[in-house]
file work_19.cif (mmCIF, C-alpha atoms and all ligand atoms)
data_coords
loop_
_atom_site.label_atom_id
_atom_site.label_comp_id
_atom_site.auth_asym_id
_atom_site.auth_seq_id
_atom_site.Cartn_x
_atom_site.Cartn_y
_atom_site.Cartn_z
CA MET A 9 0.00 0.00 0.00
CA LYS A 10 1.26 3.48 -0.77
CA ARG A 11 1.93 5.85 2.10
CA SER A 12 0.34 9.19 2.84
CA LEU A 13 1.88 11.44 5.48
CA SER A 14 1.22 14.91 6.83
CA GLY A 15 1.72 16.98 9.96
CA ILE A 16 0.15 19.98 11.62
CA GLN A 17 1.96 22.32 13.99
CA PRO A 18 0.45 22.71 17.47
CA SER A 19 0.84 26.46 17.22
CA GLY A 20 -2.83 27.25 17.85
CA ILE A 21 -6.37 25.96 17.57
CA LEU A 22 -7.32 24.24 14.34
CA HIS A 23 -9.56 25.97 11.83
CA LEU A 24 -11.50 25.43 8.63
CA GLY A 25 -8.37 26.06 6.52
CA ASN A 26 -6.55 23.22 8.27
CA TYR A 27 -9.55 20.97 7.87
CA PHE A 28 -10.41 21.53 4.20
CA GLY A 29 -6.83 22.20 3.09
CA ALA A 30 -5.36 19.10 4.71
CA MET A 31 -7.22 17.04 7.31
CA LYS A 32 -10.23 16.13 5.19
CA GLN A 33 -7.84 14.50 2.72
CA PHE A 34 -6.33 12.43 5.57
CA LEU A 35 -9.78 10.93 6.01
CA ASP A 36 -10.54 10.52 2.32
CA PHE A 37 -7.39 8.44 1.89
CA GLN A 38 -7.71 6.44 5.05
CA ASN A 39 -8.76 3.25 3.28
CA SER A 40 -6.58 3.51 0.20
CA TYR A 41 -3.26 4.68 1.68
CA GLU A 42 -1.27 3.70 4.74
CA GLY A 43 -1.57 6.95 6.70
CA PHE A 44 0.98 8.62 8.98
CA TYR A 45 -0.40 11.76 10.61
CA PHE A 46 1.54 13.59 13.24
CA ILE A 47 1.70 16.65 15.40
CA ALA A 48 4.69 18.73 14.33
CA ASP A 49 5.67 19.92 17.80
CA TYR A 50 9.38 20.34 17.01
CA HIS A 51 8.36 22.68 14.19
CA SER A 52 6.16 24.76 16.46
CA LEU A 53 9.18 25.61 18.63
CA THR A 54 10.34 27.91 15.84
CA SER A 55 7.54 30.31 16.71
CA LEU A 56 5.92 29.28 20.00
CA THR A 57 7.65 30.10 23.27
CA LYS A 58 4.95 29.28 25.82
CA PRO A 59 5.34 25.67 27.06
CA LYS A 60 1.85 25.52 28.54
CA ASP A 61 0.26 26.54 25.25
CA LEU A 62 2.33 23.96 23.43
CA VAL A 63 1.15 21.18 25.75
CA GLN A 64 -2.49 22.24 25.45
CA ASN A 65 -2.39 22.66 21.67
CA THR A 66 -0.71 19.28 21.26
CA TYR A 67 -3.45 17.36 23.04
CA ASP A 68 -6.09 19.46 21.34
CA ILE A 69 -4.82 18.37 17.93
CA VAL A 70 -4.82 14.69 18.89
CA LEU A 71 -8.43 15.14 20.01
CA ASP A 72 -9.23 16.90 16.73
CA TYR A 73 -7.62 14.13 14.68
CA LEU A 74 -9.59 11.45 16.49
CA ALA A 75 -12.84 13.43 16.59
CA ILE A 76 -12.98 14.00 12.83
CA GLY A 77 -12.59 10.26 12.30
CA LEU A 78 -8.92 9.36 11.98
CA ASP A 79 -8.89 5.74 13.06
CA PRO A 80 -5.78 4.60 14.97
CA ASN A 81 -6.37 1.07 13.68
CA LYS A 82 -5.92 2.29 10.14
CA SER A 83 -3.63 5.32 10.45
CA THR A 84 -0.56 5.89 12.59
CA ILE A 85 -1.14 8.99 14.71
CA PHE A 86 2.06 10.17 16.38
CA LEU A 87 3.98 12.98 18.02
CA GLN A 88 7.03 14.21 16.12
CA SER A 89 9.15 14.71 19.25
CA ASN A 90 8.49 11.09 20.26
CA VAL A 91 10.54 10.13 17.22
CA PRO A 92 13.82 12.00 17.79
CA GLU A 93 15.27 10.37 14.65
CA HIS A 94 13.53 13.19 12.75
CA THR A 95 16.10 15.60 14.16
CA GLU A 96 18.95 13.20 13.53
CA MET A 97 17.91 12.88 9.90
CA THR A 98 17.60 16.67 9.74
CA TRP A 99 21.30 16.96 10.55
CA LEU A 100 22.26 14.52 7.80
CA LEU A 101 20.11 16.44 5.32
CA SER A 102 21.37 19.86 6.51
CA ASN A 103 24.80 19.08 5.18
CA ILE A 104 23.60 18.77 1.61
CA THR A 105 21.07 21.63 1.73
CA PRO A 106 22.25 24.96 0.31
CA VAL A 107 21.61 27.95 2.59
CA GLY A 108 20.39 29.83 -0.51
CA LEU A 109 17.54 27.35 -0.98
CA LEU A 110 16.34 28.01 2.56
CA GLU A 111 16.79 31.78 2.30
CA ARG A 112 14.43 31.77 -0.67
CA GLY A 113 11.65 30.16 1.41
CA HIS A 114 8.37 32.11 1.17
CA SER A 115 7.33 31.10 4.63
CA TYR A 116 10.72 32.11 6.08
CA LYS A 117 10.63 35.48 4.33
CA ASP A 118 7.02 36.10 5.43
CA LYS A 119 7.88 35.38 9.03
CA LEU A 120 10.87 37.73 8.93
CA ALA A 121 8.69 40.42 7.39
CA LYS A 122 6.21 39.94 10.24
CA GLY A 123 8.96 40.61 12.74
CA PHE A 124 9.61 37.06 13.98
CA PHE A 125 13.01 36.62 15.61
CA PRO A 126 15.16 35.04 12.89
CA ASN A 127 16.31 31.97 14.81
CA THR A 128 18.13 29.18 12.99
CA GLY A 129 15.12 26.89 13.39
CA LEU A 130 13.00 29.24 11.33
CA LEU A 131 15.54 29.04 8.49
CA THR A 132 16.06 25.27 8.64
CA TYR A 133 12.37 24.49 9.17
CA PRO A 134 12.06 22.98 5.64
CA VAL A 135 14.95 20.56 6.31
CA LEU A 136 13.12 19.14 9.33
CA MET A 137 10.01 18.90 7.20
CA ALA A 138 11.97 17.04 4.51
CA ALA A 139 13.22 14.63 7.18
CA ASP A 140 9.63 14.07 8.41
CA ILE A 141 8.55 13.08 4.95
CA LEU A 142 11.59 11.21 3.62
CA ILE A 143 12.11 8.98 6.66
CA TYR A 144 8.85 7.16 5.94
CA ASP A 145 9.35 6.67 2.16
CA THR A 146 6.21 8.75 1.76
CA ASP A 147 4.36 8.70 -1.57
CA LEU A 148 1.74 11.39 -0.98
CA VAL A 149 1.62 14.51 1.21
CA PRO A 150 -1.84 16.12 1.59
CA VAL A 151 -1.39 19.82 2.41
CA GLY A 152 -2.73 23.29 1.61
CA LYS A 153 -1.16 25.43 -1.10
CA ASP A 154 1.05 27.38 1.33
CA GLN A 155 3.13 24.20 1.73
CA LYS A 156 3.79 23.72 -2.00
CA GLN A 157 7.26 25.25 -1.88
CA HIS A 158 8.20 23.16 1.16
CA LEU A 159 7.31 20.04 -0.80
CA GLU A 160 9.45 21.21 -3.72
CA MET A 161 12.34 21.72 -1.31
CA THR A 162 11.82 18.21 0.08
CA ARG A 163 12.09 16.78 -3.42
CA ASP A 164 15.21 18.89 -4.13
CA ILE A 165 16.86 17.72 -0.93
CA ALA A 166 16.00 14.06 -1.63
CA MET A 167 17.41 14.27 -5.16
CA LYS A 168 20.56 15.97 -3.95
CA PHE A 169 21.18 13.23 -1.37
CA ASN A 170 20.54 10.45 -3.88
CA GLN A 171 22.88 12.12 -6.37
CA GLN A 172 25.65 12.98 -3.94
CA TYR A 173 25.88 9.44 -2.57
CA ASN A 174 24.90 7.77 -5.82
CA VAL A 175 22.04 5.85 -4.25
CA GLU A 176 18.29 5.46 -4.81
CA PHE A 177 17.62 5.92 -1.14
CA PHE A 178 14.95 8.58 -0.78
CA LYS A 179 11.62 8.33 -2.55
CA LEU A 180 10.39 11.57 -4.16
CA PRO A 181 7.02 12.43 -2.60
CA GLU A 182 4.08 14.00 -4.44
CA PRO A 183 2.06 16.81 -2.87
CA LEU A 184 -1.72 16.52 -2.84
CA ILE A 185 -3.18 20.02 -3.06
CA LEU A 186 -6.87 20.20 -3.99
CA ASP A 187 -7.93 23.14 -6.18
CA ASP A 188 -11.17 23.85 -4.30
CA SER A 189 -9.61 24.07 -0.86
CA ALA A 190 -6.02 25.06 -1.68
CA ILE A 191 -6.45 28.41 0.09
CA VAL A 192 -9.44 28.72 2.40
CA PRO A 193 -10.14 32.44 3.03
CA GLY A 194 -10.30 33.79 6.57
CA THR A 195 -12.87 36.21 8.00
CA ASP A 196 -10.88 39.14 6.56
CA GLY A 197 -10.49 37.59 3.10
CA GLN A 198 -6.78 36.77 3.47
CA LYS A 199 -5.68 33.13 3.80
CA MET A 200 -7.18 31.73 7.01
CA SER A 201 -4.29 31.24 9.40
CA LYS A 202 -3.69 30.74 13.11
CA SER A 203 -1.26 33.61 13.03
CA TYR A 204 -3.57 36.17 11.37
CA GLY A 205 -6.42 36.17 13.93
CA ASN A 206 -8.91 35.56 11.11
CA THR A 207 -9.93 31.97 11.77
CA ILE A 208 -13.17 30.08 12.12
CA ASN A 209 -12.39 27.22 14.47
CA MET A 210 -14.09 23.91 13.81
CA PHE A 211 -14.55 23.06 17.49
CA ALA A 212 -14.94 26.50 19.05
CA SER A 213 -17.84 26.90 21.50
CA LYS A 214 -21.08 27.70 19.71
CA LYS A 215 -20.92 31.26 20.99
CA THR A 216 -17.38 31.83 19.71
CA LEU A 217 -18.18 30.15 16.43
CA LYS A 218 -21.11 32.51 15.94
CA GLN A 219 -18.88 35.52 16.67
CA GLN A 220 -16.29 34.27 14.21
CA VAL A 221 -18.81 33.70 11.43
CA MET A 222 -20.49 37.07 12.07
CA SER A 223 -17.08 38.76 11.81
CA ILE A 224 -16.62 37.77 8.15
CA VAL A 225 -15.94 41.07 6.42
CA THR A 226 -18.55 42.15 3.84
CA ASP A 227 -19.36 45.38 2.03
CA SER A 228 -22.15 47.77 3.01
CA THR A 229 -24.65 47.12 0.20
CA PRO A 230 -28.15 47.76 1.63
CA LEU A 231 -30.39 44.76 2.35
CA GLU A 232 -32.81 45.25 -0.59
CA GLU A 233 -30.10 45.55 -3.23
CA PRO A 234 -28.40 42.73 -5.18
CA LYS A 235 -24.98 41.79 -3.84
CA ASN A 236 -21.74 40.54 -5.33
CA PRO A 237 -22.19 36.75 -5.08
CA ASP A 238 -18.44 36.06 -5.14
CA ASN A 239 -17.99 36.96 -1.51
CA ASN A 240 -16.21 35.13 1.29
CA ILE A 241 -19.39 33.77 2.82
CA ALA A 242 -20.24 32.02 -0.44
CA LYS A 243 -16.68 30.68 -0.78
CA ILE A 244 -16.69 29.10 2.66
CA TYR A 245 -20.29 27.94 2.25
CA ALA A 246 -19.28 25.90 -0.83
CA LEU A 247 -16.79 23.87 1.19
CA PHE A 248 -19.63 22.53 3.31
CA ASN A 249 -22.46 22.33 0.81
CA GLY A 250 -20.95 21.89 -2.66
CA ILE A 251 -21.21 23.95 -5.80
CA ASP A 252 -24.96 23.45 -6.52
CA LYS A 253 -25.96 24.77 -3.12
CA GLN A 254 -23.42 27.55 -3.48
CA ASN A 255 -25.12 28.55 -6.75
CA GLU A 256 -28.48 28.69 -4.97
CA LEU A 257 -26.93 30.98 -2.35
CA LYS A 258 -25.39 33.14 -5.06
CA GLU A 259 -28.81 33.53 -6.72
CA LYS A 260 -30.27 34.75 -3.46
CA PHE A 261 -27.49 37.34 -3.24
CA LEU A 262 -28.19 38.47 -6.80
CA ALA A 263 -31.95 38.70 -6.22
CA GLY A 264 -31.64 41.25 -3.39
CA ASN A 265 -33.57 41.32 -0.12
CA PHE A 266 -31.12 38.79 1.20
CA GLY A 267 -28.62 40.24 3.63
CA TYR A 268 -25.13 39.09 4.51
CA GLY A 269 -26.48 38.36 8.00
CA HIS A 270 -28.94 35.81 6.54
CA ALA A 271 -26.14 34.13 4.64
CA LYS A 272 -23.91 34.06 7.71
CA ASN A 273 -26.68 32.32 9.65
CA GLU A 274 -26.96 29.68 6.93
CA LEU A 275 -23.20 29.22 7.00
CA LEU A 276 -23.18 28.90 10.79
CA GLU A 277 -25.83 26.22 10.60
CA SER A 278 -23.84 24.33 7.95
CA ILE A 279 -20.74 24.38 10.16
CA LEU A 280 -22.61 23.17 13.21
CA ASN A 281 -24.30 20.39 11.23
CA TYR A 282 -21.15 19.29 9.48
CA PHE A 283 -19.06 18.98 12.64
CA GLY A 284 -21.96 18.03 14.94
CA GLU A 285 -21.07 14.37 15.31
CA ALA A 286 -17.35 15.08 15.57
CA ARG A 287 -18.02 17.68 18.24
CA GLU A 288 -19.89 15.10 20.37
CA LYS A 289 -17.16 12.53 19.84
CA ARG A 290 -14.55 15.06 20.90
CA GLU A 291 -16.41 15.84 24.12
CA LYS A 292 -16.53 12.14 24.98
CA LEU A 293 -12.86 11.59 24.16
CA LYS A 294 -11.92 14.48 26.40
CA GLU A 295 -13.30 12.52 29.35
CA ASN A 296 -11.01 9.62 28.56
CA MET A 297 -7.63 11.25 28.06
CA ASP A 298 -5.76 8.09 29.09
CA LEU A 299 -7.01 6.43 25.95
CA VAL A 300 -5.88 9.44 23.93
CA TYR A 301 -2.37 9.32 25.46
CA ASP A 302 -2.20 5.57 24.72
CA ILE A 303 -3.11 6.10 21.08
CA LEU A 304 -0.41 8.72 20.72
CA ASN A 305 2.22 6.57 22.43
CA GLU A 306 1.38 3.45 20.44
CA GLY A 307 1.44 5.40 17.17
CA SER A 308 4.76 6.99 18.10
CA LYS A 309 6.34 3.61 18.88
CA LYS A 310 5.21 2.25 15.55
CA ALA A 311 6.54 5.27 13.66
CA ARG A 312 9.81 5.15 15.56
CA LEU A 313 10.59 1.59 14.47
CA ILE A 314 10.46 2.70 10.85
CA ALA A 315 12.44 5.87 11.56
CA ILE A 316 15.24 4.08 13.40
CA GLU A 317 15.78 1.74 10.48
CA LYS A 318 15.80 4.48 7.85
CA VAL A 319 18.16 6.72 9.82
CA GLN A 320 20.51 3.81 10.47
CA LYS A 321 20.72 3.15 6.73
CA ALA A 322 21.25 6.85 6.02
CA LYS A 323 24.11 6.94 8.53
CA GLU A 324 25.77 4.00 6.83
CA ILE A 325 25.43 5.68 3.44
CA VAL A 326 27.18 8.85 4.57
CA GLY A 327 29.87 6.91 6.42
CA LEU A 328 28.87 7.23 10.08
CA VAL A 329 29.75 3.94 11.74
CA GLY A 330 27.62 4.17 14.92
CA ASN A 331 25.21 1.22 15.05
CA ILE A 332 23.85 0.77 18.57
CA TYR A 333 20.51 -0.40 17.20
CA LYS A 334 22.02 -3.48 15.54
P1 LIG B 401 -1.63 27.94 9.99
O1 LIG B 401 -1.33 28.72 8.73
O2 LIG B 401 -2.97 28.23 10.51
O3 LIG B 401 -0.55 28.07 11.04
P2 LIG B 401 -0.51 25.33 9.54
O4 LIG B 401 0.69 25.96 8.96
O5 LIG B 401 -0.35 24.63 10.85
O6 LIG B 401 -1.68 26.41 9.58
O7 LIG B 401 -1.12 24.32 8.49
C1 LIG B 401 -1.50 22.98 8.71
C2 LIG B 401 -2.07 22.44 7.40
O8 LIG B 401 -3.25 23.16 7.05
C3 LIG B 401 -1.11 22.61 6.21
O9 LIG B 401 -1.26 21.51 5.34
C4 LIG B 401 -1.58 23.87 5.57
O10 LIG B 401 -1.26 23.96 4.20
C5 LIG B 401 -3.09 23.76 5.75
N1 LIG B 401 -3.71 25.08 5.78
C6 LIG B 401 -3.54 26.04 6.73
N2 LIG B 401 -4.27 27.13 6.44
C7 LIG B 401 -4.92 26.86 5.26
C8 LIG B 401 -5.84 27.59 4.45
N3 LIG B 401 -6.26 28.80 4.79
N4 LIG B 401 -6.29 27.01 3.31
C9 LIG B 401 -5.88 25.75 2.96
N5 LIG B 401 -5.03 25.01 3.69
C10 LIG B 401 -4.55 25.54 4.84
N1 LIG B 402 5.01 22.82 7.67
C1 LIG B 402 3.70 22.27 7.83
C2 LIG B 402 2.72 23.42 8.14
O1 LIG B 402 3.07 24.41 8.69
C3 LIG B 402 3.64 21.25 8.94
C4 LIG B 402 4.49 20.06 8.63
C5 LIG B 402 5.63 19.71 9.29
C6 LIG B 402 4.26 19.08 7.61
N2 LIG B 402 6.15 18.56 8.74
C7 LIG B 402 5.34 18.15 7.74
C8 LIG B 402 3.27 18.90 6.66
C9 LIG B 402 5.44 17.03 6.87
C10 LIG B 402 3.38 17.78 5.80
C11 LIG B 402 4.46 16.87 5.91
O2 LIG B 402 1.59 23.29 7.84
#

call {"tool": "encode", "arguments": {"input": "work_19.cif", "output": "structure tokens"}}
result
Amino acid sequence: MKRSLSGIQPSGILHLGNYFGAMKQFLDFQNSYEGFYFIADYHSLTSLTKPKDLVQNTYDIVLDYLAIGLDPNKSTIFLQSNVPEHTEMTWLLSNITPVGLLERGHSYKDKLAKGFFPNTGLLTYPVLMAADILIYDTDLVPVGKDQKQHLEMTRDIAMKFNQQYNVEFFKLPEPLILDDSAIVPGTDGQKMSKSYGNTINMFASKKTLKQQVMSIVTDSTPLEEPKNPDNNIAKIYALFNGIDKQNELKEKFLAGNFGYGHAKNELLESILNYFGEAREKREKLKENMDLVYDILNEGSKKARLIAIEKVQKAKEIVGLVGNIYK
């Protein structure tokens, strides 16, 4: 069976962009690919400095993964820092990765522009991501469009290693980026992102969810008048209801006498319906955290066995003779 792998940083609460851009695809492939889905906690250290938040966000993501229907009997759910071989592989890959490649990273440049402290981790972030992917001989990586360049870098790094050591060691992974959900817009129309304060969170309390939906920015066309149907409400609505229903909504906008508030209420209802079952499941899981910890530990052990073997082989290829695992 081919392998699908992806990770999400525990740098905040998950939102509709995370779900439609990435997580929904984890579920869609659950029966046709061997799935590896992890919490990229090492990555989140590049921007998060509050340990308590990191702990909370980490468990929240495991709950989210399980609540939406990731099945630990089918997919391996694990914590990146439980598999320290990811960092060991990162070091091996760092030595064949040109600094220039990393300095051209969109995400790196964006973060610098936003005033993030330029720590080394921020620069070498894509090398750790390449290690995450390459260790597991991954075939497919479901992600949103913002990760496209990181996937290209992963392929570059894999090719460089194979070439330099004249081996066919790393498999070149393919990204899976769906057109319809490549960039889910946030409440302000920019890409929805944990770091922009423009999210709609799938499992927020009903009150917060309502506030978030009501805060979607619209223009001030009066109620009676026709409205531009290509607005953010309609874009997000389509993710839940499909294109036919979106067209019906657009017609209502064009007809007039249909306010943005009405549309927001319809969207809110769609969100609550869509995640209703998952929300209940999440509440139940929260009362049984021991089970959740077990799932994460078991998944991590399983992932680690694969990682240890791959890193050992990589060490032999580059000429490091340490072999305590043999
Ligand atoms: P954020 O930008 O909120 O910090 P992450 O970087 O943790 O999100 O992204 C986790 C996954 O969700 C990645 O695969 C990313 O591409 C996807 N993703 C995040 N935001 C969006 C969005 N607005 N539209 C589509 N996919 C997204
Ligand atoms: N960089 C990804 C993000 O911010 C998270 C991530 C880390 C990832 N390692 C990965 C995604 C490996 C896919 C595969 O969204």

call {"tool": "closest_residue", "arguments": {"input": "work_19.cif", "among": "A:Gly29, A:Pro134, A:Pro150, A:Gly77", "to": "ligand LIG 401 (chain B)", "atoms": "all atoms listed in the file"}}
result
A:Gly29

call {"tool": "residues_near_ligand", "arguments": {"input": "work_19.cif", "ligand": "ligand LIG 401 (chain B)", "cutoff": "9 Å", "atoms": "all atoms listed in the file", "output": "MDAnalysis selection string"}}
result
chainID A and resid 14:31 48 52 149:156 185:186 189:194 198:204 207

call {"tool": "write_last_selection", "arguments": {"input": "work_19.cif", "atoms": "C-alpha atoms", "output": "PDB file, in the frame of the given file"}}
result
ATOM      1  CA  SER A  14       1.220  14.910   6.830  1.00  0.00           C
ATOM      2  CA  GLY A  15       1.720  16.980   9.960  1.00  0.00           C
ATOM      3  CA  ILE A  16       0.150  19.980  11.620  1.00  0.00           C
ATOM      4  CA  GLN A  17       1.960  22.320  13.990  1.00  0.00           C
ATOM      5  CA  PRO A  18       0.450  22.710  17.470  1.00  0.00           C
ATOM      6  CA  SER A  19       0.840  26.460  17.220  1.00  0.00           C
ATOM      7  CA  GLY A  20      -2.830  27.250  17.850  1.00  0.00           C
ATOM      8  CA  ILE A  21      -6.370  25.960  17.570  1.00  0.00           C
ATOM      9  CA  LEU A  22      -7.320  24.240  14.340  1.00  0.00           C
ATOM     10  CA  HIS A  23      -9.560  25.970  11.830  1.00  0.00           C
ATOM     11  CA  LEU A  24     -11.500  25.430   8.630  1.00  0.00           C
ATOM     12  CA  GLY A  25      -8.370  26.060   6.520  1.00  0.00           C
ATOM     13  CA  ASN A  26      -6.550  23.220   8.270  1.00  0.00           C
ATOM     14  CA  TYR A  27      -9.550  20.970   7.870  1.00  0.00           C
ATOM     15  CA  PHE A  28     -10.410  21.530   4.200  1.00  0.00           C
ATOM     16  CA  GLY A  29      -6.830  22.200   3.090  1.00  0.00           C
ATOM     17  CA  ALA A  30      -5.360  19.100   4.710  1.00  0.00           C
ATOM     18  CA  MET A  31      -7.220  17.040   7.310  1.00  0.00           C
ATOM     19  CA  ALA A  48       4.690  18.730  14.330  1.00  0.00           C
ATOM     20  CA  SER A  52       6.160  24.760  16.460  1.00  0.00           C
ATOM     21  CA  VAL A 149       1.620  14.510   1.210  1.00  0.00           C
ATOM     22  CA  PRO A 150      -1.840  16.120   1.590  1.00  0.00           C
ATOM     23  CA  VAL A 151      -1.390  19.820   2.410  1.00  0.00           C
ATOM     24  CA  GLY A 152      -2.730  23.290   1.610  1.00  0.00           C
ATOM     25  CA  LYS A 153      -1.160  25.430  -1.100  1.00  0.00           C
ATOM     26  CA  ASP A 154       1.050  27.380   1.330  1.00  0.00           C
ATOM     27  CA  GLN A 155       3.130  24.200   1.730  1.00  0.00           C
ATOM     28  CA  LYS A 156       3.790  23.720  -2.000  1.00  0.00           C
ATOM     29  CA  ILE A 185      -3.180  20.020  -3.060  1.00  0.00           C
ATOM     30  CA  LEU A 186      -6.870  20.200  -3.990  1.00  0.00           C
ATOM     31  CA  SER A 189      -9.610  24.070  -0.860  1.00  0.00           C
ATOM     32  CA  ALA A 190      -6.020  25.060  -1.680  1.00  0.00           C
ATOM     33  CA  ILE A 191      -6.450  28.410   0.090  1.00  0.00           C
ATOM     34  CA  VAL A 192      -9.440  28.720   2.400  1.00  0.00           C
ATOM     35  CA  PRO A 193     -10.140  32.440   3.030  1.00  0.00           C
ATOM     36  CA  GLY A 194     -10.300  33.790   6.570  1.00  0.00           C
ATOM     37  CA  GLN A 198      -6.780  36.770   3.470  1.00  0.00           C
ATOM     38  CA  LYS A 199      -5.680  33.130   3.800  1.00  0.00           C
ATOM     39  CA  MET A 200      -7.180  31.730   7.010  1.00  0.00           C
ATOM     40  CA  SER A 201      -4.290  31.240   9.400  1.00  0.00           C
ATOM     41  CA  LYS A 202      -3.690  30.740  13.110  1.00  0.00           C
ATOM     42  CA  SER A 203      -1.260  33.610  13.030  1.00  0.00           C
ATOM     43  CA  TYR A 204      -3.570  36.170  11.370  1.00  0.00           C
ATOM     44  CA  THR A 207      -9.930  31.970  11.770  1.00  0.00           C
TER      45      THR A 207
END

call {"tool": "closest_residue", "arguments": {"input": "work_19.cif", "among": "A:Ile208, A:Gly307, A:Ser55, A:Lys318", "to": "Asn127 of chain A", "atoms": "only C-alpha atoms"}}
result
A:Ser55

call {"tool": "closest_residue", "arguments": {"input": "work_19.cif", "among": "A:Leu293, A:Ile47, A:Leu109, A:Leu74", "to": "ligand LIG 402 (chain B)", "atoms": "all atoms listed in the file"}}
result
A:Ile47

call {"tool": "closest_residue", "arguments": {"input": "work_19.cif", "among": "A:Ile314, A:Ile76, A:Ala271, A:Met167", "to": "Ile104 of chain A", "atoms": "all atoms listed in the file"}}
result
A:Met167

call {"tool": "residues_near_point", "arguments": {"input": "work_19.cif", "point": "(-6.7, 16.7, 19.6)", "cutoff": "12 Å", "atoms": "all atoms listed in the file", "output": "compact mmCIF listing (two decimals) with C-alpha atoms, keeping the file's coordinate frame"}}
result
# COMPACT_ATOMS: atom_id res chain seq x y z
CA ILE A 16 0.15 19.98 11.62
CA GLN A 17 1.96 22.32 13.99
CA PRO A 18 0.45 22.71 17.47
CA GLY A 20 -2.83 27.25 17.85
CA ILE A 21 -6.37 25.96 17.57
CA LEU A 22 -7.32 24.24 14.34
CA PHE A 46 1.54 13.59 13.24
CA ILE A 47 1.70 16.65 15.40
CA VAL A 63 1.15 21.18 25.75
CA GLN A 64 -2.49 22.24 25.45
CA ASN A 65 -2.39 22.66 21.67
CA THR A 66 -0.71 19.28 21.26
CA TYR A 67 -3.45 17.36 23.04
CA ASP A 68 -6.09 19.46 21.34
CA ILE A 69 -4.82 18.37 17.93
CA VAL A 70 -4.82 14.69 18.89
CA LEU A 71 -8.43 15.14 20.01
CA ASP A 72 -9.23 16.90 16.73
CA TYR A 73 -7.62 14.13 14.68
CA LEU A 74 -9.59 11.45 16.49
CA ALA A 75 -12.84 13.43 16.59
CA ILE A 76 -12.98 14.00 12.83
CA GLY A 77 -12.59 10.26 12.30
CA LEU A 78 -8.92 9.36 11.98
CA ILE A 85 -1.14 8.99 14.71
CA PHE A 86 2.06 10.17 16.38
CA LEU A 87 3.98 12.98 18.02
CA MET A 210 -14.09 23.91 13.81
CA PHE A 211 -14.55 23.06 17.49
CA ALA A 286 -17.35 15.08 15.57
CA ARG A 287 -18.02 17.68 18.24
CA LYS A 289 -17.16 12.53 19.84
CA ARG A 290 -14.55 15.06 20.90
CA GLU A 291 -16.41 15.84 24.12
CA LEU A 293 -12.86 11.59 24.16
CA LYS A 294 -11.92 14.48 26.40
CA MET A 297 -7.63 11.25 28.06
CA VAL A 300 -5.88 9.44 23.93
CA TYR A 301 -2.37 9.32 25.46
CA ILE A 303 -3.11 6.10 21.08
CA LEU A 304 -0.41 8.72 20.72

call {"tool": "closest_residue", "arguments": {"input": "work_19.cif", "among": "A:Val175, A:Leu275, A:Ile143, A:Leu262", "to": "ligand LIG 402 (chain B)", "atoms": "all atoms listed in the file"}}
result
A:Ile143

call {"tool": "atom_distance", "arguments": {"input": "work_19.cif", "atom1": "atom CA of Asn236 of chain A", "atom2": "atom CA of Leu276 of chain A"}}
result
19.9 Å

call {"tool": "residues_around", "arguments": {"input": "work_19.cif", "residues": "segment 245-255 of chain A", "least_positions_apart": "4", "cutoff": "7 Å", "atoms": "all atoms listed in the file", "output": "list in words"}}
result
Ile241, Glu259, Leu275 and Ser278 of chain A

call {"tool": "residues_around", "arguments": {"input": "work_19.cif", "residues": "Ala263 of chain A", "least_positions_apart": "4", "cutoff": "12 Å", "atoms": "only C-alpha atoms", "output": "list in words"}}
result
Leu231, Glu232, Glu233, Pro234, Lys235, Asn236, Pro237, Glu256, Leu257, Lys258, Glu259 and Gly267 of chain A

call {"tool": "atom_distance", "arguments": {"input": "work_19.cif", "atom1": "atom C3 of ligand LIG 402 (chain B)", "atom2": "atom CA of Lys321 of chain A"}}
result
25.0 Å

call {"tool": "axis_aligned_box", "arguments": {"input": "work_19.cif", "around": "ligand LIG 402 (chain B)", "padding_each_side": "6 Å", "output": "AutoDock Vina command-line options"}}
result
--center_x 3.9 --center_y 20.6 --center_z 7.5 --size_x 16.6 --size_y 19.5 --size_z 15.5

call {"tool": "atom_distance", "arguments": {"input": "work_19.cif", "atom1": "atom CA of Asp79 of chain A", "atom2": "atom C6 of ligand LIG 402 (chain B)"}}
result
19.5 Å

call {"tool": "closest_residue", "arguments": {"input": "work_19.cif", "among": "A:Arg163, A:Tyr144, A:Thr195, A:Lys214", "to": "Asn240 of chain A", "atoms": "all atoms listed in the file"}}
result
A:Thr195

call {"tool": "residues_around", "arguments": {"input": "work_19.cif", "residues": "Ser115 of chain A", "least_positions_apart": "2", "cutoff": "10 Å", "atoms": "all atoms listed in the file", "output": "list in words"}}
result
Leu110, Glu111, Arg112, Gly113, Lys117, Asp118, Lys119, Leu120, Ala121, Leu130, Leu131, Tyr133, Pro134, Asp154, Gln155, Gln157 and His158 of chain A

call {"tool": "residues_near_point", "arguments": {"input": "work_19.cif", "point": "(20.7, 7.9, 11.8)", "cutoff": "7 Å", "atoms": "all atoms listed in the file", "output": "PyMOL selection string"}}
result
chain A and resi 93+96-97+316+319-323
